[in-house]
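K.L.:
File protein28.txt below, compact mmCIF, C-alpha atoms:
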```
# COMPACT_ATOMS: atom_id res chain seq x y z
CA MET A 1 -4.07 74.18 139.55
CA SER A 2 -1.36 73.48 142.11
CA ARG A 3 1.09 70.62 141.85
CA ARG A 4 -0.35 68.83 144.88
CA PRO A 5 -3.81 68.08 143.38
CA ARG A 6 -2.09 66.91 140.18
CA ALA A 7 0.05 64.49 142.18
CA GLU A 8 -3.02 63.33 144.08
CA ARG A 9 -4.77 62.49 140.82
CA MET A 10 -1.87 60.16 140.05
CA ALA A 11 -2.42 58.42 143.40
CA SER A 12 -6.06 57.58 142.63
CA ALA A 13 -7.73 55.78 139.72
CA ARG A 14 -9.21 57.98 136.99
CA ILE A 15 -12.81 57.15 136.09
CA THR A 16 -13.07 56.11 132.45
CA PRO A 17 -15.50 54.06 130.37
CA ALA A 18 -13.08 51.15 130.63
CA LEU A 19 -13.13 51.35 134.42
CA LEU A 20 -16.93 51.45 134.43
CA ARG A 21 -17.04 48.31 132.30
CA ARG A 22 -15.04 46.59 135.04
CA LEU A 23 -17.55 47.91 137.61
CA PRO A 24 -20.91 47.33 135.90
CA LEU A 25 -24.18 48.40 137.44
CA PRO A 26 -26.36 45.58 138.80
CA PRO A 27 -28.72 44.18 136.15
CA VAL A 28 -32.38 45.10 136.42
CA ASP A 29 -34.98 42.33 136.53
CA GLY A 30 -37.58 43.61 134.09
CA GLU A 31 -40.14 41.08 135.25
CA GLN A 32 -40.35 42.79 138.65
CA GLY A 33 -41.42 46.12 137.16
CA LYS A 34 -40.84 49.25 139.22
CA GLU A 35 -40.42 47.21 142.40
CA GLY A 36 -37.27 45.67 140.94
CA ARG A 37 -35.64 49.08 140.53
CA GLY A 38 -36.07 50.28 144.08
CA CYS A 39 -37.64 53.25 145.84
CA VAL A 40 -35.89 56.57 146.53
CA LEU A 41 -36.97 58.95 149.29
CA VAL A 42 -35.71 62.53 148.88
CA VAL A 43 -35.96 64.71 152.00
CA GLY A 44 -35.29 68.43 151.78
CA GLY A 45 -36.33 71.69 150.27
CA SER A 46 -37.46 74.95 151.85
CA GLU A 47 -39.75 77.82 150.95
CA GLN A 48 -36.81 79.63 149.36
CA ILE A 49 -35.40 76.59 147.53
CA PRO A 50 -38.31 74.24 146.77
CA GLY A 51 -36.85 73.26 143.40
CA ALA A 52 -33.83 71.42 144.78
CA VAL A 53 -35.85 68.32 145.70
CA ILE A 54 -37.42 68.43 142.24
CA LEU A 55 -34.00 68.38 140.57
CA ALA A 56 -32.72 65.57 142.80
CA ALA A 57 -35.87 63.48 142.55
CA THR A 58 -36.08 63.76 138.77
CA ALA A 59 -32.42 62.76 138.47
CA ALA A 60 -33.05 59.71 140.66
CA LEU A 61 -35.77 58.54 138.27
CA ARG A 62 -33.57 59.23 135.25
CA ALA A 63 -30.89 57.05 136.84
CA GLY A 64 -33.39 54.19 136.81
CA ALA A 65 -35.08 54.18 140.23
CA GLY A 66 -38.53 52.59 140.03
CA LYS A 67 -40.45 54.48 142.73
CA LEU A 68 -40.08 57.95 144.13
CA GLN A 69 -41.14 59.71 147.32
CA ILE A 70 -40.39 63.32 148.26
CA ALA A 71 -40.70 64.74 151.78
CA THR A 72 -40.65 68.53 151.87
CA GLY A 73 -42.32 71.47 153.62
CA ARG A 74 -46.10 71.21 153.59
CA ARG A 75 -46.58 74.74 152.22
CA VAL A 76 -44.61 73.92 149.05
CA ALA A 77 -45.56 70.23 148.83
CA PRO A 78 -48.56 70.76 146.47
CA TRP A 79 -46.38 72.62 143.97
CA VAL A 80 -43.69 69.96 144.16
CA ALA A 81 -46.33 67.28 143.57
CA VAL A 82 -47.49 69.06 140.42
CA ALA A 83 -43.92 69.49 139.17
CA VAL A 84 -43.08 65.81 139.76
CA PRO A 85 -46.30 63.87 139.07
CA GLU A 86 -44.40 60.58 139.28
CA ALA A 87 -43.77 61.07 143.00
CA ARG A 88 -45.66 60.58 146.22
CA VAL A 89 -45.11 63.89 148.04
CA ILE A 90 -45.27 64.11 151.85
CA GLY A 91 -45.75 67.49 153.54
CA LEU A 92 -43.67 68.15 156.66
CA ALA A 93 -43.87 70.88 159.28
CA HIS A 94 -42.15 74.20 158.59
CA GLY A 95 -40.15 76.30 160.98
CA ALA A 96 -40.62 80.05 161.18
CA GLY A 97 -38.10 80.73 158.42
CA GLY A 98 -39.63 78.37 155.90
CA GLU A 99 -37.11 75.58 156.56
CA LEU A 100 -38.17 72.13 157.70
CA ALA A 101 -38.91 72.24 161.41
CA SER A 102 -36.49 70.61 163.80
CA ARG A 103 -37.44 66.94 164.26
CA ALA A 104 -40.09 67.24 161.51
CA CYS A 105 -38.58 64.15 159.96
CA GLN A 106 -40.02 61.99 162.73
CA ALA A 107 -43.18 61.98 160.60
CA ILE A 108 -41.43 59.95 157.89
CA ARG A 109 -39.58 57.41 160.00
CA HIS A 110 -41.50 54.53 158.40
CA GLU A 111 -40.79 55.75 154.85
CA ALA A 112 -37.14 56.36 155.73
CA ALA A 113 -36.77 52.78 156.91
CA ALA A 114 -38.73 51.19 154.06
CA CYS A 115 -37.16 52.88 151.02
CA ASP A 116 -34.14 51.53 149.12
CA ALA A 117 -32.14 54.79 149.10
CA LEU A 118 -32.56 57.82 151.36
CA LEU A 119 -31.29 61.21 150.16
CA VAL A 120 -31.27 64.00 152.76
CA GLY A 121 -30.35 67.61 152.16
CA PRO A 122 -31.19 69.13 148.76
CA GLY A 123 -32.42 72.68 149.27
CA MET A 124 -31.88 72.69 153.05
CA MET A 125 -30.07 75.73 154.44
CA ASP A 126 -30.91 75.09 158.10
CA ALA A 127 -29.31 71.85 159.21
CA ARG A 128 -31.44 71.07 162.27
CA ALA A 129 -34.16 68.86 160.79
CA GLY A 130 -31.78 67.08 158.44
CA VAL A 131 -29.15 66.52 161.12
CA ASP A 132 -31.79 65.03 163.40
CA LEU A 133 -32.85 62.58 160.71
CA VAL A 134 -29.28 61.70 159.74
CA ARG A 135 -28.24 61.03 163.32
CA ARG A 136 -31.28 58.87 163.96
CA CYS A 137 -30.50 56.86 160.82
CA LEU A 138 -26.89 56.41 161.90
CA ARG A 139 -28.00 54.84 165.17
CA GLN A 140 -30.06 52.18 163.40
CA ALA A 141 -28.45 48.85 162.66
CA GLU A 142 -30.34 48.37 159.41
CA GLY A 143 -31.72 50.61 156.72
CA PRO A 144 -31.20 51.81 153.17
CA PRO A 145 -28.07 53.55 151.93
CA LEU A 146 -27.99 57.15 153.14
CA ILE A 147 -26.87 59.97 150.82
CA VAL A 148 -26.26 63.30 152.55
CA ASP A 149 -25.85 66.69 150.86
CA ALA A 150 -25.94 70.38 151.79
CA ALA A 151 -26.72 71.58 155.34
CA PRO A 152 -27.32 68.13 156.95
CA LEU A 153 -23.67 67.31 156.28
CA ALA A 154 -23.14 69.10 159.60
CA ALA A 155 -24.12 65.83 161.29
CA PHE A 156 -20.61 64.61 160.44
CA ALA A 157 -18.67 67.70 161.52
CA LYS A 158 -15.51 67.08 163.51
CA THR A 159 -16.81 69.39 166.23
CA HIS A 160 -19.86 67.14 166.70
CA PRO A 161 -18.45 63.63 166.33
CA VAL A 162 -20.87 60.84 165.47
CA ALA A 163 -20.56 57.10 165.77
CA ARG A 164 -19.54 55.29 162.62
CA PRO A 165 -22.64 54.52 160.57
CA ARG A 166 -24.18 51.09 160.92
CA ARG A 167 -25.50 51.39 157.36
CA PRO A 168 -23.88 52.46 154.06
CA ALA A 169 -23.54 56.23 153.69
CA ILE A 170 -22.34 58.65 151.02
CA LEU A 171 -21.42 62.29 151.70
CA THR A 172 -21.30 64.77 148.79
CA PRO A 173 -19.60 67.98 150.02
CA HIS A 174 -17.98 70.68 147.91
CA ALA A 175 -14.72 72.21 149.15
CA GLY A 176 -16.42 74.77 151.40
CA GLU A 177 -18.61 72.16 153.05
CA MET A 178 -15.65 69.82 153.48
CA ALA A 179 -13.73 72.61 155.17
CA MET A 180 -16.62 73.11 157.59
CA LEU A 181 -16.81 69.38 158.32
CA TRP A 182 -13.13 68.91 158.90
CA GLY A 183 -12.31 72.15 160.69
CA VAL A 184 -9.79 73.33 158.09
CA SER A 185 -9.68 76.15 155.57
CA LYS A 186 -11.21 75.88 152.13
CA GLU A 187 -7.75 76.54 150.71
CA GLU A 188 -6.37 73.49 152.53
CA VAL A 189 -9.12 71.31 151.09
CA GLN A 190 -8.39 72.62 147.61
CA ALA A 191 -4.67 72.01 148.05
CA GLU A 192 -5.01 68.41 149.29
CA PRO A 193 -8.47 67.14 148.33
CA LEU A 194 -7.61 63.45 148.11
CA ARG A 195 -5.82 63.36 151.46
CA ILE A 196 -8.74 65.01 153.22
CA ALA A 197 -11.37 62.93 151.41
CA ARG A 198 -9.53 59.72 152.35
CA GLN A 199 -9.08 60.86 155.92
CA ALA A 200 -12.78 61.68 156.30
CA ALA A 201 -13.92 58.46 154.60
CA ALA A 202 -11.72 56.32 156.86
CA ARG A 203 -12.57 58.10 160.10
CA LEU A 204 -16.31 58.30 159.44
CA GLY A 205 -16.70 54.94 157.70
CA VAL A 206 -18.46 56.45 154.67
CA VAL A 207 -17.94 57.10 150.98
CA VAL A 208 -16.90 60.72 150.41
CA VAL A 209 -17.57 62.47 147.10
CA LEU A 210 -15.51 65.68 147.29
CA LYS A 211 -16.86 67.79 144.45
CA GLY A 212 -14.78 70.17 142.38
CA ALA A 213 -13.26 70.75 138.94
CA VAL A 214 -11.69 67.38 139.66
CA THR A 215 -14.00 65.32 141.89
CA PHE A 216 -12.41 62.83 144.28
CA ILE A 217 -14.21 59.75 145.59
CA ALA A 218 -12.84 57.91 148.61
CA GLY A 219 -14.07 54.74 150.29
CA PRO A 220 -13.66 53.79 153.95
CA ASP A 221 -10.89 51.33 153.07
CA GLY A 222 -8.78 53.97 151.32
CA THR A 223 -9.85 53.04 147.79
CA SER A 224 -10.01 56.23 145.75
CA PHE A 225 -10.96 57.50 142.31
CA HIS A 226 -11.01 60.83 140.55
CA ASN A 227 -13.07 62.27 137.71
CA THR A 228 -11.75 64.72 135.14
CA ALA A 229 -14.72 64.58 132.74
CA GLY A 230 -17.15 67.47 132.68
CA ASN A 231 -16.68 71.20 132.20
CA GLY A 232 -17.15 74.53 133.90
CA GLY A 233 -20.78 74.75 132.83
CA LEU A 234 -21.62 72.20 135.54
CA GLY A 235 -20.80 74.86 138.10
CA THR A 236 -24.37 76.11 138.03
CA SER A 237 -27.17 76.41 140.57
CA GLY A 238 -28.80 73.05 141.26
CA SER A 239 -26.11 70.92 139.60
CA GLY A 240 -25.15 69.31 142.91
CA ASP A 241 -28.77 68.41 143.57
CA ALA A 242 -28.91 66.58 140.26
CA LEU A 243 -25.71 64.71 141.12
CA SER A 244 -26.97 63.57 144.52
CA GLY A 245 -30.20 62.40 142.87
CA VAL A 246 -28.34 60.31 140.29
CA ILE A 247 -26.30 58.65 143.05
CA ALA A 248 -29.45 57.95 145.06
CA GLY A 249 -31.18 56.44 142.03
CA LEU A 250 -28.24 54.10 141.42
CA CYS A 251 -28.22 53.06 145.09
CA ALA A 252 -31.94 52.24 144.84
CA ARG A 253 -31.10 49.94 141.94
CA ALA A 254 -28.82 47.99 144.33
CA ALA A 255 -25.47 49.47 143.31
CA ASP A 256 -23.12 49.48 146.30
CA PRO A 257 -22.30 53.00 147.57
CA LEU A 258 -18.80 53.26 146.09
CA ARG A 259 -19.99 52.01 142.69
CA ALA A 260 -23.03 54.32 142.78
CA ALA A 261 -20.76 57.27 143.56
CA ILE A 262 -18.31 56.43 140.77
CA TRP A 263 -21.03 55.96 138.16
CA GLY A 264 -23.05 58.93 139.40
CA VAL A 265 -20.14 61.36 139.26
CA TYR A 266 -19.12 60.23 135.78
CA LEU A 267 -22.65 60.22 134.35
CA HIS A 268 -23.27 63.71 135.73
CA ALA A 269 -19.99 64.97 134.25
CA ARG A 270 -20.56 63.38 130.86
CA ALA A 271 -24.08 64.82 130.77
CA GLY A 272 -22.45 68.23 131.16
CA ASP A 273 -20.15 67.47 128.24
CA VAL A 274 -23.10 66.48 126.04
CA LEU A 275 -24.88 69.72 126.91
CA ALA A 276 -21.74 71.78 126.30
CA ARG A 277 -21.37 70.35 122.79
CA ARG A 278 -24.99 71.11 122.00
CA MET A 279 -25.46 74.44 123.77
CA GLY A 280 -22.06 75.83 124.68
CA HIS A 281 -19.97 75.56 127.83
CA GLN A 282 -21.87 78.21 129.77
CA GLY A 283 -25.58 78.68 130.33
CA PHE A 284 -27.10 75.22 130.33
CA LEU A 285 -29.35 74.51 133.31
CA ALA A 286 -29.24 71.92 136.07
CA ARG A 287 -32.73 70.75 135.01
CA GLU A 288 -31.23 69.80 131.62
CA ILE A 289 -28.71 67.37 133.11
CA ALA A 290 -31.08 64.56 134.09
CA PRO A 291 -32.54 63.86 130.62
CA GLU A 292 -29.03 63.06 129.36
CA ILE A 293 -28.48 60.32 131.97
CA PRO A 294 -30.48 57.39 130.43
CA PRO A 295 -28.75 57.41 127.01
CA LEU A 296 -25.35 57.77 128.66
CA MET A 297 -26.06 54.78 130.89
CA GLU A 298 -26.99 52.78 127.81
CA GLN A 299 -23.76 53.73 126.06
CA LEU A 300 -21.51 53.10 129.05
CA SER A 301 -23.17 49.80 129.94
```
Would you mind giving the structure from this file in structure tokens?

P.N.:
Amino acid sequence: MSRRPRAERMASARITPALLRRLPLPPVDGEQGKEGRGCVLVVGGSEQIPGAVILAATAALRAGAGKLQIATGRRVAPWVAVAVPEARVIGLAHGAGGELASRACQAIRHEAAACDALLVGPGMMDARAGVDLVRRCLRQAEGPPLIVDAAPLAAFAKTHPVARPRRPAILTPHAGEMAMLWGVSKEEVQAEPLRIARQAAARLGVVVVLKGAVTFIAGPDGTSFHNTAGNGGLGTSGSGDALSGVIAGLCARAADPLRAAIWGVYLHARAGDVLARRMGHQGFLAREIAPEIPPLMEQLS
């Protein structure tokens, strides 16, 4: 690792159990049942990657969300409904390539406004439908926190500037996606991740979770954190979907976006460490991350 990222870690706060104790998650009112833990809506998937919404949605429930809705392509919706029986699954129109059709998300505008956390992007390779939904959400003065991953991150690209969100938003790019958003090379992002994450968070008015071996989290006001927990085994297919789901679940439980991002990143990383001790550092699956989240939350809380 280059000297610059090491210096940047020194300029941001490292996420530790002690830090999390100073930033506790909001208490849950058990008397309210599932209504008291909020509703997550996950929008995404495609015919080629239908499992991404399953990973994200399951992780949201494991993070404590009370209700779950999934909006995905109508041809795969029945299989998603069987895989996640806890969810209400809404079938959306497909495009010719099996991706969600452009503007298909108009069909869920009521659900997108009524949920407590809206996650857009898992499993989406074509950005059009997700970008349309994201941009419509950004124009609304009120609404739930918006978590954006994968192809719909293009809504925030420098080449297509958007107005600052009028609602809380969290972006979860990896280095390649951040390079696309900011019009720089992947190598530049890897050399100065904190600078670029802070710059994007301030200019866009969002929380940025820049994923990597060291993950940097930046708030719109310049507040920043970094996570060094976790291991290389987390670099596996679907791991990012699980992370975005955990963050969405915490937002549904009324954690503010920066707190949800900090807790979500650390819980995800520590889950990887638990799996590495039990199974080895390579070969555990993204689907195995979510079951580790509830006991870790208990320990860290």

K.L.:
Neighbouring residues of Ala18 in chain A were defined as those with any atom within 12 Å, considering only C-alpha atoms; residues of the same chain fewer than 3 positions away were excluded. Please report them as a list in words.

P.N.:
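My reading of the contact set: Ala13, Arg14, Ile15, Arg21, Arg22, Leu23, Pro24, Trp263, Gln299, Leu300 and Ser301 of chain A.
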
K.L.:
Any chance you could tabulate, as CSV, the residues of range 146-205 of chain A at most 8 Å from range 211-214 of chain A with each one's nearest atom pair and distance in Å to one decimal, using only C-alpha atoms, in chain and rising number order?

P.N.:
```
residue,atom,partner,partner_atom,distance
A:Thr172,CA,A:Lys211,CA,6.9
A:Pro173,CA,A:Lys211,CA,6.2
A:His174,CA,A:Lys211,CA,4.6
A:Ala175,CA,A:Lys211,CA,6.8
```

K.L.:
Could you give me, as JSON lines, a per-residue list for range 204-232 of chain A showing, wherever an atom lies at most 12 Å from an atom of range 140-160 of chain A, the closest pair of atoms and their distance in Å to one decimal, using all atoms listed in the file and sorting by chain then residue number from low to high?

P.N.:
```
{"residue": "A:Leu204", "atom": "CA", "partner": "A:Phe156", "partner_atom": "CA", "distance": 7.7}
{"residue": "A:Gly205", "atom": "CA", "partner": "A:Phe156", "partner_atom": "CA", "distance": 10.8}
{"residue": "A:Val206", "atom": "CA", "partner": "A:Leu146", "partner_atom": "CA", "distance": 9.7}
{"residue": "A:Val207", "atom": "CA", "partner": "A:Ile147", "partner_atom": "CA", "distance": 9.4}
{"residue": "A:Val208", "atom": "CA", "partner": "A:Val148", "partner_atom": "CA", "distance": 9.9}
{"residue": "A:Val209", "atom": "CA", "partner": "A:Asp149", "partner_atom": "CA", "distance": 10.0}
{"residue": "A:Leu210", "atom": "CA", "partner": "A:Asp149", "partner_atom": "CA", "distance": 11.0}
{"residue": "A:Lys211", "atom": "CA", "partner": "A:Asp149", "partner_atom": "CA", "distance": 11.1}
```

K.L.:
Pick out the closest residue to Val76 in chain A from this set: A:Leu100, A:Ser46, A:Cys39, A:Ser12. Count only C-alpha atoms.

P.N.:
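Ranked by minimum distance to Val76 in chain A, first place goes to A:Ser46.
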
K.L.:
How many Å separate CA of Ala65 in chain A from CA of Met279 in chain A?

P.N.:
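Computing the Euclidean distance for CA of Ala65 in chain A and CA of Met279 in chain A yields 27.8 Å.
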
K.L.:
Would you pick out the contacts of Arg75 in chain A at 8 Å or less, using only C-alpha atoms, so that residues sharing its chain but fewer than 4 positions from it are not included, and give the list as an mmCIF file with C-alpha atoms, in the coordinates of the input?

P.N.:
```cif
data_model
loop_
_atom_site.group_PDB
_atom_site.id
_atom_site.type_symbol
_atom_site.label_atom_id
_atom_site.label_comp_id
_atom_site.auth_asym_id
_atom_site.auth_seq_id
_atom_site.Cartn_x
_atom_site.Cartn_y
_atom_site.Cartn_z
ATOM 1 C CA GLU A 47 -39.750 77.820 150.950
ATOM 2 C CA GLY A 91 -45.750 67.490 153.540
ATOM 3 C CA HIS A 94 -42.150 74.200 158.590
#
```

K.L.:
Name the closest residue to Leu250 in chain A among the candidates A:Ile293, A:Cys105, A:Met125, A:Leu19; distances are taken between atoms, counting all atoms listed in the file.

P.N.:
A:Ile293

K.L.:
Would you kindly return, as a VMD selection string, each protein, DNA or RNA residue with an atom no farther than 7 Å from any atom of Ala260 in chain A, considering all atoms listed in the file and excluding same-chain residues fewer than 4 positions away?

P.N.:
chain A and resid 247 250 to 251 255 to 256 264

K.L.:
Within 8 Å of Leu258 in chain A, counting only C-alpha atoms, which residues qualify if same-chain residues fewer than 6 places away don't, as a list in words?

P.N.:
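Final neighbour list, sorted by chain and number: Val207, Ile217, Ala218 and Gly219 of chain A.
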
K.L.:
How many Å separate CA of Val84 in chain A from CA of Ala276 in chain A?

P.N.:
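A separation of 25.9 Å between them.
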
K.L.:
Can you list, as a PyMOL selection string, every protein, DNA or RNA residue that comes within 12 Å of Gly123 in chain A when you count only C-alpha atoms, leaving out same-chain residues fewer than 5 positions away?

P.N.:
chain A and resi 42-57+71-73+98-100+130+148-152+237-242+244

K.L.:
Box along x, y and z, 6 Å on every side, all listed atoms of range 121-131 of chain A inside: centre and edge lengths in Å to one decimal, as AutoDock Vina command-line options.

P.N.:
```
--center_x -31.7 --center_y 71.1 --center_z 155.5 --size_x 17.0 --size_y 21.2 --size_z 25.5
```

K.L.:
Can you tell me how far CA of Arg109 in chain A sits from CA of Cys137 in chain A, in Å to one decimal?

P.N.:
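Computed distance, CA of Arg109 in chain A to CA of Cys137 in chain A, equals 9.1 Å.
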
K.L.:
Pick out the closest residue to Thr215 in chain A from this set: A:Ala269, A:Ala81, A:Val274, A:Ala179. Count only C-alpha atoms.

P.N.:
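So, comparing all the options, the nearest one is A:Ala269.
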
K.L.:
So which one's closest to Met297 in chain A, A:Arg270, A:Ala200, A:Gly38, A:Gly95? Using all atoms listed in the file, please.

P.N.:
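Among A:Arg270, A:Ala200, A:Gly38, A:Gly95, it is A:Arg270 that comes nearest to Met297 in chain A.
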
K.L.:
For each of A:Arg103, A:Arg167, A:Arg136, A:His110, take the minimum atom-to-atom distance to Pro257 in chain A, counting only C-alpha atoms, then give the residue where this is smallest.

P.N.:
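Residue with the minimum atom-to-atom distance to Pro257 in chain A: A:Arg167.
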
K.L.:
Find the residue from A:Glu111, A:Ala229, A:Ser224, A:Gly64 that sits nearest to Ala290 in chain A; use only C-alpha atoms when measuring.

P.N.:
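Checking each of A:Glu111, A:Ala229, A:Ser224, A:Gly64 against Ala290 in chain A, counting only C-alpha atoms, the winner is A:Gly64.
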
K.L.:
Complete the atom set of range 187-203 of chain A to N, CA and C atoms and return it as a PDB file, in the coordinates of the input.

P.N.:
```pdb
ATOM      1  N   GLU A 187      -8.996  76.599 151.492  1.00  0.00           N
ATOM      2  CA  GLU A 187      -7.750  76.540 150.710  1.00  0.00           C
ATOM      3  C   GLU A 187      -7.007  75.240 150.975  1.00  0.00           C
ATOM      4  N   GLU A 188      -7.030  74.758 152.220  1.00  0.00           N
ATOM      5  CA  GLU A 188      -6.370  73.490 152.530  1.00  0.00           C
ATOM      6  C   GLU A 188      -7.062  72.328 151.833  1.00  0.00           C
ATOM      7  N   VAL A 189      -8.388  72.364 151.797  1.00  0.00           N
ATOM      8  CA  VAL A 189      -9.120  71.310 151.090  1.00  0.00           C
ATOM      9  C   VAL A 189      -8.770  71.329 149.611  1.00  0.00           C
ATOM     10  N   GLN A 190      -8.702  72.516 149.031  1.00  0.00           N
ATOM     11  CA  GLN A 190      -8.390  72.620 147.610  1.00  0.00           C
ATOM     12  C   GLN A 190      -6.965  72.202 147.298  1.00  0.00           C
ATOM     13  N   ALA A 191      -6.064  72.389 148.263  1.00  0.00           N
ATOM     14  CA  ALA A 191      -4.670  72.010 148.050  1.00  0.00           C
ATOM     15  C   ALA A 191      -4.447  70.508 148.171  1.00  0.00           C
ATOM     16  N   GLU A 192      -5.209  69.844 149.068  1.00  0.00           N
ATOM     17  CA  GLU A 192      -5.010  68.410 149.290  1.00  0.00           C
ATOM     18  C   GLU A 192      -6.361  67.675 149.347  1.00  0.00           C
ATOM     19  N   PRO A 193      -7.119  67.716 148.283  1.00  0.00           N
ATOM     20  CA  PRO A 193      -8.470  67.140 148.330  1.00  0.00           C
ATOM     21  C   PRO A 193      -8.481  65.642 148.567  1.00  0.00           C
ATOM     22  N   LEU A 194      -7.586  64.904 147.945  1.00  0.00           N
ATOM     23  CA  LEU A 194      -7.610  63.450 148.110  1.00  0.00           C
ATOM     24  C   LEU A 194      -7.236  63.051 149.526  1.00  0.00           C
ATOM     25  N   ARG A 195      -6.217  63.693 150.086  1.00  0.00           N
ATOM     26  CA  ARG A 195      -5.820  63.360 151.460  1.00  0.00           C
ATOM     27  C   ARG A 195      -6.983  63.575 152.418  1.00  0.00           C
ATOM     28  N   ILE A 196      -7.661  64.694 152.290  1.00  0.00           N
ATOM     29  CA  ILE A 196      -8.740  65.010 153.220  1.00  0.00           C
ATOM     30  C   ILE A 196      -9.943  64.110 152.968  1.00  0.00           C
ATOM     31  N   ALA A 197     -10.257  63.833 151.705  1.00  0.00           N
ATOM     32  CA  ALA A 197     -11.370  62.930 151.410  1.00  0.00           C
ATOM     33  C   ALA A 197     -11.104  61.541 151.980  1.00  0.00           C
ATOM     34  N   ARG A 198      -9.886  61.041 151.809  1.00  0.00           N
ATOM     35  CA  ARG A 198      -9.530  59.720 152.350  1.00  0.00           C
ATOM     36  C   ARG A 198      -9.599  59.715 153.875  1.00  0.00           C
ATOM     37  N   GLN A 199      -9.084  60.769 154.458  1.00  0.00           N
ATOM     38  CA  GLN A 199      -9.080  60.860 155.920  1.00  0.00           C
ATOM     39  C   GLN A 199     -10.502  60.842 156.459  1.00  0.00           C
ATOM     40  N   ALA A 200     -11.386  61.625 155.850  1.00  0.00           N
ATOM     41  CA  ALA A 200     -12.780  61.680 156.300  1.00  0.00           C
ATOM     42  C   ALA A 200     -13.482  60.352 156.076  1.00  0.00           C
ATOM     43  N   ALA A 201     -13.253  59.734 154.913  1.00  0.00           N
ATOM     44  CA  ALA A 201     -13.920  58.460 154.600  1.00  0.00           C
ATOM     45  C   ALA A 201     -13.498  57.384 155.602  1.00  0.00           C
ATOM     46  N   ALA A 202     -12.206  57.347 155.931  1.00  0.00           N
ATOM     47  CA  ALA A 202     -11.720  56.320 156.860  1.00  0.00           C
ATOM     48  C   ALA A 202     -12.224  56.567 158.269  1.00  0.00           C
ATOM     49  N   ARG A 203     -12.176  57.811 158.721  1.00  0.00           N
ATOM     50  CA  ARG A 203     -12.570  58.100 160.100  1.00  0.00           C
ATOM     51  C   ARG A 203     -14.077  57.949 160.302  1.00  0.00           C
TER      52      ARG A 203
END
```
